[in-house]
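In what follows, a single structure is set out as C-alpha cells and then discussed.
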Amino acid sequence: MKQAAESGHWGTSVRYLGIDYGKRRVGLAICDGGQTITSPLAVLEGRGDVFARIYRIVKAESVGALVVGLPLNMDGSEGPQAAATRQFGDKLGKYVGLPVYFQDERLSSFAAEQDFAGIDLPKARRRKPLDAVAAAHILEAFLEAHRA
C-alpha cells in the first residue's frame with residue numbers, strides 16, 4: 001500500500017475521494033480540505049463510463065488523491081476481489097492522473113449498516129446509500145491512520 005506521507009501528498013489542503021468499489025456499484029465519499037469531515041457523496045451504478053464519471057467529480061470537487069477500499073480477508077490476506085480492486089484503483093489513478101492509496105476496508109460495510117440500524121427503510125432502499133456511507137468509513141479510517 002502506498003503511504004501518503006512518504007509520497008509527499010499528505011497535507012491539510014488535500015481533498016481525498018474515498019471509493020468503495022463493487023461489481024455493481026461504486027460508492028464515493030469526500031473529505032474537506034482540513035481533512036476533518038468525511039461525507040458520503042454519490043453512488044455510481046453500472047460499469048460503462050465509471051472512470052469518466054469519477055473524473056468529472058474529481059475535477060468538480062478539487063480532489064488531490066484517491067483512497068480505494070481494499071477488501072482483505074479477515075486474516076489480512078488478499079483474495080480475488082482484492083486483486084480486482086487493486087487493478088481498478090491502478091487504472092483509475094492513471095485515468096484521472098492522481099495518486100491512489102489503498103485502505104483496508106474490512107468491516108466498513110458492517111459499520112455502514114450499523115449507521116442505518118435505527119432507520120426504517122426497506123432493505124432495497126438501504127443498499128444504494130450504504131455504498132457511499134461505506135466509502136466514507138473507508139476514507140475516515142485512512143485519515144485517522146495518517147493523523148496518528
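Following the order of the C-alpha cells, first chain is A, next is B, and so on, with residues numbered from 1 inside each chain and ligands from 1 in the order they appear.
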
Contacts of region 13-24 of chain A within 8 Å, only C-alpha atoms, excl. fewer than 2 positions in-chain, as a PyMOL selection string: chain A and resi 9-11+26-35+45-47+58+62-69+85+131-132+134-136+138-139

Residue selection dump (N, CA and C atoms) as a compact mmCIF listing (two decimals), in the first residue's frame:
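Output (out-v6.txt):
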```
# COMPACT_ATOMS: atom_id res chain seq x y z
N HIS A 9 2.08 13.64 -0.68
CA HIS A 9 0.75 14.15 -0.93
C HIS A 9 -0.04 14.39 0.35
N TRP A 10 0.48 13.96 1.47
CA TRP A 10 -0.25 14.15 2.72
C TRP A 10 -0.12 15.60 3.13
N GLY A 11 -1.22 16.22 3.40
CA GLY A 11 -1.21 17.61 3.83
C GLY A 11 -2.63 18.04 4.13
N VAL A 26 -20.32 1.69 -7.28
CA VAL A 26 -19.12 2.29 -6.71
C VAL A 26 -19.60 3.41 -5.80
N GLY A 27 -19.32 3.26 -4.50
CA GLY A 27 -19.67 4.30 -3.54
C GLY A 27 -18.55 5.31 -3.43
N LEU A 28 -18.92 6.59 -3.32
CA LEU A 28 -17.94 7.66 -3.22
C LEU A 28 -18.20 8.51 -1.99
N ALA A 29 -17.11 8.96 -1.39
CA ALA A 29 -17.18 9.89 -0.26
C ALA A 29 -16.05 10.89 -0.41
N ILE A 30 -16.16 12.01 0.25
CA ILE A 30 -15.15 13.05 0.13
C ILE A 30 -14.87 13.65 1.50
N CYS A 31 -13.68 14.22 1.63
CA CYS A 31 -13.36 14.94 2.86
C CYS A 31 -13.16 16.41 2.53
N ASP A 32 -13.25 17.22 3.55
CA ASP A 32 -13.00 18.64 3.38
C ASP A 32 -11.49 18.88 3.29
N GLY A 33 -11.08 20.08 2.93
CA GLY A 33 -9.66 20.41 2.79
C GLY A 33 -8.88 20.27 4.09
N GLY A 34 -9.56 20.43 5.21
CA GLY A 34 -8.89 20.26 6.51
C GLY A 34 -8.84 18.82 6.97
N GLN A 35 -9.45 17.94 6.20
CA GLN A 35 -9.47 16.50 6.47
C GLN A 35 -10.06 16.17 7.83
N GLU A 45 -23.77 3.66 -10.46
CA GLU A 45 -24.23 2.33 -10.84
C GLU A 45 -23.72 1.98 -12.22
N GLY A 46 -23.48 0.71 -12.44
CA GLY A 46 -23.04 0.24 -13.74
C GLY A 46 -21.54 0.40 -13.94
N ARG A 47 -21.05 -0.13 -15.00
CA ARG A 47 -19.61 -0.12 -15.27
C ARG A 47 -19.25 0.78 -16.44
N VAL A 58 -13.88 14.34 -9.60
CA VAL A 58 -12.55 14.74 -9.14
C VAL A 58 -12.29 16.20 -9.50
N SER A 62 -12.26 19.32 -6.73
CA SER A 62 -10.84 19.64 -6.49
C SER A 62 -10.14 18.57 -5.65
N VAL A 63 -10.32 17.32 -6.05
CA VAL A 63 -9.73 16.19 -5.35
C VAL A 63 -8.24 16.09 -5.70
N GLY A 64 -7.43 15.78 -4.69
CA GLY A 64 -5.99 15.67 -4.90
C GLY A 64 -5.46 14.26 -4.86
N ALA A 65 -6.23 13.30 -4.34
CA ALA A 65 -5.79 11.90 -4.26
C ALA A 65 -7.02 11.02 -4.02
N LEU A 66 -6.86 9.75 -4.36
CA LEU A 66 -7.93 8.77 -4.22
C LEU A 66 -7.58 7.75 -3.15
N VAL A 67 -8.60 7.33 -2.39
CA VAL A 67 -8.43 6.28 -1.38
C VAL A 67 -9.43 5.19 -1.72
N VAL A 68 -8.91 4.05 -2.13
CA VAL A 68 -9.76 2.94 -2.55
C VAL A 68 -9.77 1.88 -1.45
N GLY A 69 -10.97 1.47 -1.06
CA GLY A 69 -11.10 0.42 -0.04
C GLY A 69 -10.62 -0.91 -0.58
N THR A 85 -9.82 -5.14 -7.19
CA THR A 85 -9.89 -3.78 -6.67
C THR A 85 -8.58 -3.04 -6.92
N ASP A 131 -23.39 2.09 0.07
CA ASP A 131 -22.10 2.09 -0.61
C ASP A 131 -21.36 3.41 -0.40
N ALA A 132 -22.07 4.52 -0.43
CA ALA A 132 -21.44 5.82 -0.19
C ALA A 132 -21.05 5.97 1.28
N ALA A 134 -20.27 3.46 3.27
CA ALA A 134 -19.09 2.59 3.42
C ALA A 134 -17.84 3.31 2.91
N ALA A 135 -17.95 4.03 1.80
CA ALA A 135 -16.82 4.80 1.27
C ALA A 135 -16.37 5.86 2.28
N ALA A 136 -17.34 6.47 2.97
CA ALA A 136 -17.00 7.46 4.00
C ALA A 136 -16.25 6.80 5.16
N ILE A 138 -14.35 4.12 4.93
CA ILE A 138 -13.02 3.80 4.39
C ILE A 138 -12.14 5.04 4.44
N LEU A 139 -12.68 6.16 3.97
CA LEU A 139 -11.91 7.40 3.95
C LEU A 139 -11.57 7.86 5.36
```

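When only C-alpha atoms are used to compute distances to Tyr95 (chain A), the closest of the residues A:Leu70, A:Gly76, A:Thr38, A:Asp49 turns out to be A:Asp49.
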
Separation of CA of Gly89 (chain A) from CA of Phe51 (chain A), in Å and rounded to one decimal: 10.2 Å

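In this model, the gap between CA of Arg106 (chain A) and CA of Ala52 (chain A) comes to 27.4 Å.
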